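A.B. asks: This is upload-v8.txt, which holds compact mmCIF, C-alpha atoms:
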# COMPACT_ATOMS: atom_id res chain seq x y z
CA GLN A 140 -7.59 2.17 19.48
CA LYS A 141 -6.47 1.43 15.94
CA GLU A 142 -3.97 3.83 14.42
CA VAL A 143 -6.13 4.32 11.31
CA GLU A 144 -9.87 3.74 11.22
CA GLN A 145 -11.83 3.44 8.00
CA ASP A 146 -15.44 2.39 7.49
CA PRO A 147 -15.25 -0.86 5.47
CA GLY A 148 -18.59 -0.31 3.76
CA PRO A 149 -19.75 -1.61 1.36
CA LEU A 150 -20.96 1.72 0.03
CA SER A 151 -23.36 1.63 -2.90
CA VAL A 152 -24.22 4.79 -4.84
CA PRO A 153 -25.94 5.59 -8.17
CA GLU A 154 -23.89 6.77 -11.12
CA GLY A 155 -23.26 10.51 -10.99
CA ALA A 156 -23.42 10.75 -7.20
CA ILE A 157 -20.86 12.51 -5.04
CA VAL A 158 -19.01 9.98 -2.88
CA SER A 159 -17.41 10.81 0.44
CA LEU A 160 -14.83 8.42 1.91
CA ASN A 161 -13.27 9.06 5.29
CA CYS A 162 -10.52 7.99 7.66
CA THR A 163 -9.63 8.99 11.18
CA TYR A 164 -6.28 8.46 12.82
CA SER A 165 -4.82 8.62 16.28
CA ASN A 166 -1.10 9.17 15.64
CA SER A 167 -0.43 12.92 15.53
CA ALA A 168 3.01 12.21 14.01
CA PHE A 169 1.44 11.33 10.66
CA GLN A 170 2.42 14.00 8.16
CA TYR A 171 1.77 12.47 4.72
CA PHE A 172 -1.63 11.31 3.58
CA MET A 173 -2.52 9.22 0.57
CA TRP A 174 -5.52 7.67 -1.07
CA TYR A 175 -5.15 4.51 -3.10
CA ARG A 176 -7.65 2.62 -5.23
CA GLN A 177 -7.47 -1.15 -5.29
CA TYR A 178 -9.31 -3.48 -7.62
CA SER A 179 -9.81 -7.06 -6.54
CA ARG A 180 -6.50 -8.97 -6.27
CA LYS A 181 -4.54 -6.04 -7.75
CA GLY A 182 -1.97 -3.65 -6.35
CA PRO A 183 -2.94 -0.32 -4.75
CA GLU A 184 -3.03 2.49 -7.32
CA LEU A 185 -2.10 5.96 -6.09
CA LEU A 186 -4.92 8.51 -6.48
CA MET A 187 -3.99 11.45 -4.28
CA TYR A 188 -1.09 12.49 -2.09
CA THR A 189 -0.94 15.45 0.27
CA TYR A 190 1.06 16.57 3.28
CA SER A 191 -0.77 19.67 4.46
CA SER A 192 -4.14 20.46 5.92
CA GLY A 193 -6.71 21.71 3.45
CA ASN A 194 -8.00 20.57 0.09
CA LYS A 195 -6.24 19.19 -2.97
CA GLU A 196 -8.12 18.64 -6.20
CA ASP A 197 -7.30 16.41 -9.17
CA GLY A 198 -10.02 16.04 -11.76
CA ARG A 199 -13.05 14.45 -10.17
CA PHE A 200 -11.14 13.71 -6.95
CA THR A 201 -10.66 16.03 -3.96
CA ALA A 202 -8.59 15.08 -0.93
CA GLN A 203 -9.20 16.91 2.31
CA VAL A 204 -7.00 16.80 5.41
CA ASP A 205 -7.85 18.20 8.83
CA LYS A 206 -4.85 17.55 11.07
CA SER A 207 -6.45 19.24 14.08
CA SER A 208 -9.28 16.69 14.00
CA LYS A 209 -7.08 13.84 12.70
CA TYR A 210 -9.53 13.30 9.87
CA ILE A 211 -9.03 12.88 6.14
CA SER A 212 -11.56 12.57 3.33
CA LEU A 213 -11.68 11.73 -0.35
CA PHE A 214 -14.53 13.10 -2.45
CA ILE A 215 -15.38 11.67 -5.85
CA ARG A 216 -17.61 13.82 -8.05
CA ASP A 217 -19.75 12.47 -10.89
CA SER A 218 -19.01 8.89 -9.85
CA GLN A 219 -18.77 6.28 -12.61
CA PRO A 220 -19.22 2.48 -12.58
CA SER A 221 -15.47 2.27 -13.27
CA ASP A 222 -14.89 3.90 -9.86
CA SER A 223 -16.19 0.70 -8.25
CA ALA A 224 -13.24 -0.55 -6.20
CA THR A 225 -11.85 -0.56 -2.68
CA TYR A 226 -10.44 2.79 -1.55
CA LEU A 227 -7.56 2.72 0.91
CA CYS A 228 -6.35 5.62 2.98
CA ALA A 229 -2.70 5.50 4.01
CA MET A 230 -0.46 7.76 6.01
CA SER A 231 3.14 8.04 7.16
CA GLU A 232 5.37 9.91 9.56
CA LEU A 233 8.30 12.09 8.55
CA THR A 234 11.32 9.88 9.21
CA GLY A 235 14.88 9.60 7.97
CA GLY A 236 14.44 6.88 5.43
CA GLY A 237 11.65 4.52 6.32
CA ASN A 238 8.40 6.42 5.91
CA LYS A 239 6.40 3.21 6.09
CA LEU A 240 2.74 3.52 5.23
CA THR A 241 0.01 2.66 7.71
CA PHE A 242 -3.18 1.70 5.89
CA GLY A 243 -6.83 1.76 6.78
CA THR A 244 -8.87 -1.37 6.17
CA GLY A 245 -10.34 0.07 2.96
CA THR A 246 -13.87 1.09 1.95
CA GLN A 247 -15.54 -0.98 -0.75
CA LEU A 248 -17.41 1.26 -3.20
CA LYS A 249 -19.93 0.17 -5.81
CA VAL A 250 -21.26 2.68 -8.32
CA GLU A 251 -24.41 1.40 -9.95
CA LEU A 252 -25.91 2.31 -13.32
CA GLU B 229 4.42 5.77 -17.62
CA PRO B 230 7.01 4.01 -15.43
CA GLU B 231 5.66 1.31 -13.17
CA VAL B 232 6.74 -1.21 -10.58
CA THR B 233 6.74 -4.77 -11.90
CA GLN B 234 6.67 -8.01 -9.94
CA THR B 235 7.25 -11.66 -10.78
CA PRO B 236 5.80 -14.20 -10.55
CA SER B 237 2.15 -13.17 -10.37
CA HIS B 238 1.33 -16.35 -8.47
CA GLN B 239 3.64 -18.66 -6.56
CA VAL B 240 2.60 -21.93 -4.98
CA THR B 241 5.00 -23.59 -2.57
CA GLN B 242 4.97 -26.32 0.02
CA MET B 243 5.33 -25.51 3.68
CA GLY B 244 8.98 -25.44 4.70
CA GLN B 245 10.27 -24.47 1.27
CA GLU B 246 12.03 -21.25 0.32
CA VAL B 247 10.56 -18.69 -2.08
CA ILE B 248 11.98 -15.62 -3.74
CA LEU B 249 9.66 -12.86 -4.87
CA ARG B 250 11.09 -10.43 -7.40
CA CYS B 251 10.42 -6.78 -8.06
CA VAL B 252 11.73 -4.18 -10.46
CA PRO B 253 11.10 -0.75 -8.90
CA ILE B 254 10.73 2.45 -10.91
CA SER B 255 14.19 3.27 -12.23
CA ASN B 256 14.97 6.60 -10.52
CA HIS B 257 13.43 5.65 -7.18
CA LEU B 258 15.60 5.38 -4.10
CA TYR B 259 13.36 3.86 -1.42
CA PHE B 260 12.00 0.34 -1.69
CA TYR B 261 9.38 -1.51 0.30
CA TRP B 262 7.60 -4.80 0.74
CA TYR B 263 4.06 -4.99 2.05
CA ARG B 264 1.69 -7.89 2.35
CA GLN B 265 -2.07 -8.27 2.36
CA ILE B 266 -3.76 -11.36 3.71
CA LEU B 267 -7.05 -11.98 1.91
CA GLY B 268 -9.76 -9.71 3.29
CA GLN B 269 -7.37 -7.80 5.54
CA LYS B 270 -5.53 -4.52 5.34
CA VAL B 271 -2.20 -3.88 3.67
CA GLU B 272 0.64 -4.31 6.18
CA PHE B 273 4.19 -3.00 6.11
CA LEU B 274 7.00 -5.54 6.10
CA VAL B 275 10.26 -3.75 5.38
CA SER B 276 11.80 -0.60 3.94
CA PHE B 277 15.17 -0.48 2.17
CA TYR B 278 17.34 2.50 1.36
CA ASN B 279 20.98 2.95 0.43
CA ASN B 280 21.49 -0.82 0.32
CA GLU B 281 20.31 -1.49 3.82
CA ILE B 282 17.12 -2.08 5.76
CA SER B 283 15.72 1.18 7.17
CA GLU B 284 12.88 -0.31 9.15
CA LYS B 285 11.12 -3.64 9.53
CA SER B 286 7.93 -4.77 11.19
CA GLU B 287 7.43 -7.60 13.66
CA ILE B 288 6.11 -9.69 10.76
CA PHE B 289 9.57 -9.54 9.15
CA ASP B 290 11.18 -12.22 11.30
CA ASP B 291 14.50 -13.97 10.66
CA ARG B 292 12.94 -16.14 7.93
CA PHE B 293 12.60 -13.04 5.76
CA SER B 294 15.37 -11.23 3.94
CA VAL B 295 15.63 -8.60 1.22
CA GLU B 296 18.30 -7.90 -1.33
CA ARG B 297 19.02 -5.52 -4.16
CA PRO B 298 21.41 -7.71 -6.13
CA ASP B 299 21.91 -5.24 -8.97
CA GLY B 300 20.79 -1.79 -10.02
CA SER B 301 17.29 -2.81 -10.97
CA ASN B 302 15.96 -5.79 -9.00
CA PHE B 303 14.69 -5.92 -5.42
CA THR B 304 13.91 -9.32 -3.93
CA LEU B 305 12.11 -10.73 -0.91
CA LYS B 306 13.19 -14.18 0.24
CA ILE B 307 11.14 -16.23 2.67
CA ARG B 308 12.79 -19.33 4.11
CA SER B 309 10.94 -22.19 5.80
CA THR B 310 7.57 -20.95 4.59
CA LYS B 311 4.52 -21.37 6.83
CA LEU B 312 0.85 -21.65 5.99
CA GLU B 313 0.31 -18.19 7.48
CA ASP B 314 2.71 -16.67 4.95
CA SER B 315 -0.02 -17.10 2.32
CA ALA B 316 -0.89 -13.57 1.17
CA MET B 317 -0.48 -11.03 -1.60
CA TYR B 318 2.98 -9.47 -1.45
CA PHE B 319 3.38 -6.00 -2.86
CA CYS B 320 6.60 -4.25 -3.74
CA ALA B 321 6.60 -0.44 -3.68
CA SER B 322 9.07 2.31 -4.41
CA ARG B 323 9.34 6.08 -4.14
CA THR B 324 11.77 8.88 -4.75
CA GLY B 325 12.28 11.51 -2.09
CA PRO B 326 9.37 12.83 -0.02
CA SER B 327 6.55 11.51 -2.17
CA ALA B 328 4.00 8.76 -2.18
CA GLU B 329 4.84 5.13 -2.78
CA TYR B 330 4.00 3.42 -6.05
CA PHE B 331 2.96 -0.19 -5.80
CA GLY B 332 3.44 -3.15 -8.08
CA PRO B 333 0.64 -5.55 -9.08
CA GLY B 334 1.61 -8.05 -6.40
CA THR B 335 2.61 -11.69 -6.13
CA ARG B 336 0.04 -14.06 -4.71
CA LEU B 337 1.86 -16.55 -2.49
CA THR B 338 0.06 -19.77 -1.62
CA VAL B 339 1.71 -22.06 0.91
CA THR B 340 0.23 -25.56 0.99
As structure tokens - that is how I would like this structure written.

C.D. replies:
Amino acid sequence: QKEVEQDPGPLSVPEGAIVSLNCTYSNSAFQYFMWYRQYSRKGPELLMYTYSSGNKEDGRFTAQVDKSSKYISLFIRDSQPSDSATYLCAMSELTGGGNKLTFGTGTQLKVEL
Amino acid sequence: EPEVTQTPSHQVTQMGQEVILRCVPISNHLYFYWYRQILGQKVEFLVSFYNNEISEKSEIFDDRFSVERPDGSNFTLKIRSTKLEDSAMYFCASRTGPSAEYFGPGTRLTVT
């Protein structure tokens, strides 16, 4: 079983739709959860960061973490064509200094006019 | 807004040669990382660096790889005796304290 599972898509939605992106994980030691956006051949751009179960909202983005189910989600409201990108979930354990990130494979999103 | 910068954006090298990838992390950050992403695959951890020493490294980070923070601003990844399978995007990242990591734009390494 992979440590982090993410549906690769591609996911195609019309402009204005609500998008739901999800990841599941198997390592119960993961404590920090992040969502990154990556455009083709560019570096991951941090969107959301959380370390507790529940919801965290930032503008059109809401991150949701359910540690009991080992499941995290990112919701995008009023999606725009500029949201078209690959969305990566990432997570890390609480360690002394490393805190390496373990990434999902990424979900490719296309928002169409 | 502060950002992580990387140079060069693209590096082409012949198999067996040495390459040095350079990064300037965000200035007040304390933890530094290298990741790589082979085309079409997920981002993979290579190494973390804190307090002038390696904190953790993956099995990818074999004895051909080394990292250095030669001064107060730069963070480098050196790959000796490059192999075809080293071809990938290499990302530098940094963070301060218990927070998320911020990534640079990447260096595309092509080994021919």

A.B. asks: Which is closer to Phe260 in chain B than all the others in B:Ser286, B:Ser276, B:Thr310, B:Thr241, using all atoms listed in the file?

C.D. replies: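 Once distances to Phe260 in chain B are computed over all atoms listed in the file, the minimum belongs to B:Ser276.
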
A.B. asks: Skip Thr324 in chain B itself and residues of its chain fewer than 4 positions away, then list as a VMD selection string all residues within 9 Å of it, counting only C-alpha atoms.

C.D. replies: chain B and resid 254 256 to 259 328 to 329

A.B. asks: So that I can see what lies close to Arg336 in chain B, please list as a PyMOL selection string the residues with an atom at most 6 Å from it, counting all atoms listed in the file and leaving out residues fewer than 2 positions away in the same chain.

C.D. replies: chain B and resi 238+316-317

A.B. asks: So, counting all atoms listed in the file, which residue among B:Tyr261, B:Cys251, B:Gly334, B:Cys320 is closest to Glu284 in chain B?

C.D. replies: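 So, comparing all the options, the nearest one is B:Tyr261.
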
A.B. asks: Show me which bits of chain A are within 12 Å of chain B, counting only C-alpha atoms, as JSON, numbers by chain.

C.D. replies: {"A": [143, 144, 145, 147, 170, 171, 172, 173, 174, 175, 176, 177, 178, 179, 180, 181, 182, 183, 184, 185, 186, 187, 188, 189, 190, 225, 226, 227, 228, 229, 230, 231, 232, 233, 234, 235, 236, 237, 238, 239, 240, 241, 242, 243, 244, 245, 246, 247]}

A.B. asks: Please check which residues have atoms at most 6 Å from (14.5, -2.6, -11.9) in the file's coordinates, counting all atoms listed in the file, and write them as an MDAnalysis selection string.

C.D. replies: chainID B and resid 252:253 255 301:302

A.B. asks: Using only C-alpha atoms, which of A:Ser159, A:Glu154, A:Leu252, A:Glu142 sits nearest Ile215 in chain A?

C.D. replies: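 When distances to Ile215 in chain A are compared using only C-alpha atoms, the smallest one comes from A:Ser159.
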
A.B. asks: Determine, counting only C-alpha atoms, which protein, DNA and RNA residues have an atom within 8 Å of an atom of Ser309 in chain B; residues of the same chain fewer than 6 positions away are not included. Present the result as a ChimeraX atom specification.

C.D. replies: /B:243-246,292

A.B. asks: Which distance in Å separates CA of Tyr164 in chain A and CA of Arg323 in chain B, to one decimal?

C.D. replies: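 Between these atoms lies a distance of 23.2 Å.
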
A.B. asks: Report, in Å with one decimal, the straight-line distance from CA of Thr338 in chain B to CA of Gln239 in chain B.

C.D. replies: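 CA of Gln239 in chain B lies 6.2 Å from CA of Thr338 in chain B.
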
A.B. asks: Calculated over all atoms listed in the file, which of the candidates A:Gln140, A:Ser167, A:Gln219, A:Ser191 has the smallest distance to Val152 in chain A?

C.D. replies: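 Closest candidate: A:Gln219.
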
A.B. asks: What is the CA of Ser221 in chain A to CA of Arg264 in chain B distance in Å?

C.D. replies: 25.3 Å

A.B. asks: Just need the box for range 242-246 of chain B, edges along x, y and z, holding every atom the file lists for it with 5 Å tacked onto each side, so centre and edge lengths in Å to one decimal, as lines of an AutoDock Vina configuration file.

C.D. replies:
center_x = 8.5
center_y = -23.8
center_z = 2.4
size_x = 17.1
size_y = 15.1
size_z = 14.7

A.B. asks: Neighbouring residues of Pro153 in chain A were defined as those with any atom within 9 Å, considering only C-alpha atoms; residues of the same chain fewer than 2 positions away were excluded. Please report them as an MDAnalysis selection string.

C.D. replies: chainID A and resid 151 155:156 218:220 249:252

A.B. asks: Could I get the residues of range 151-196 of chain A with an atom no further than 7 Å from an atom of range 202-214 of chain A, each paired with its nearest atom pair and that distance in Å to one decimal, using only C-alpha atoms, sorted by chain and residue number, as CSV?

C.D. replies:
residue,atom,partner,partner_atom,distance
A:Ile157,CA,A:Phe214,CA,6.9
A:Val158,CA,A:Phe214,CA,5.5
A:Ser159,CA,A:Phe214,CA,4.7
A:Leu160,CA,A:Leu213,CA,5.1
A:Asn161,CA,A:Ser212,CA,4.4
A:Cys162,CA,A:Ile211,CA,5.3
A:Thr163,CA,A:Tyr210,CA,4.5
A:Tyr164,CA,A:Lys209,CA,5.4
A:Ser165,CA,A:Lys209,CA,6.7
A:Met187,CA,A:Ala202,CA,6.7
A:Ser191,CA,A:Val204,CA,6.9
A:Ser192,CA,A:Val204,CA,4.7
A:Gly193,CA,A:Val204,CA,5.3
A:Asn194,CA,A:Gln203,CA,4.4
A:Lys195,CA,A:Ala202,CA,5.2
A:Glu196,CA,A:Ala202,CA,6.4
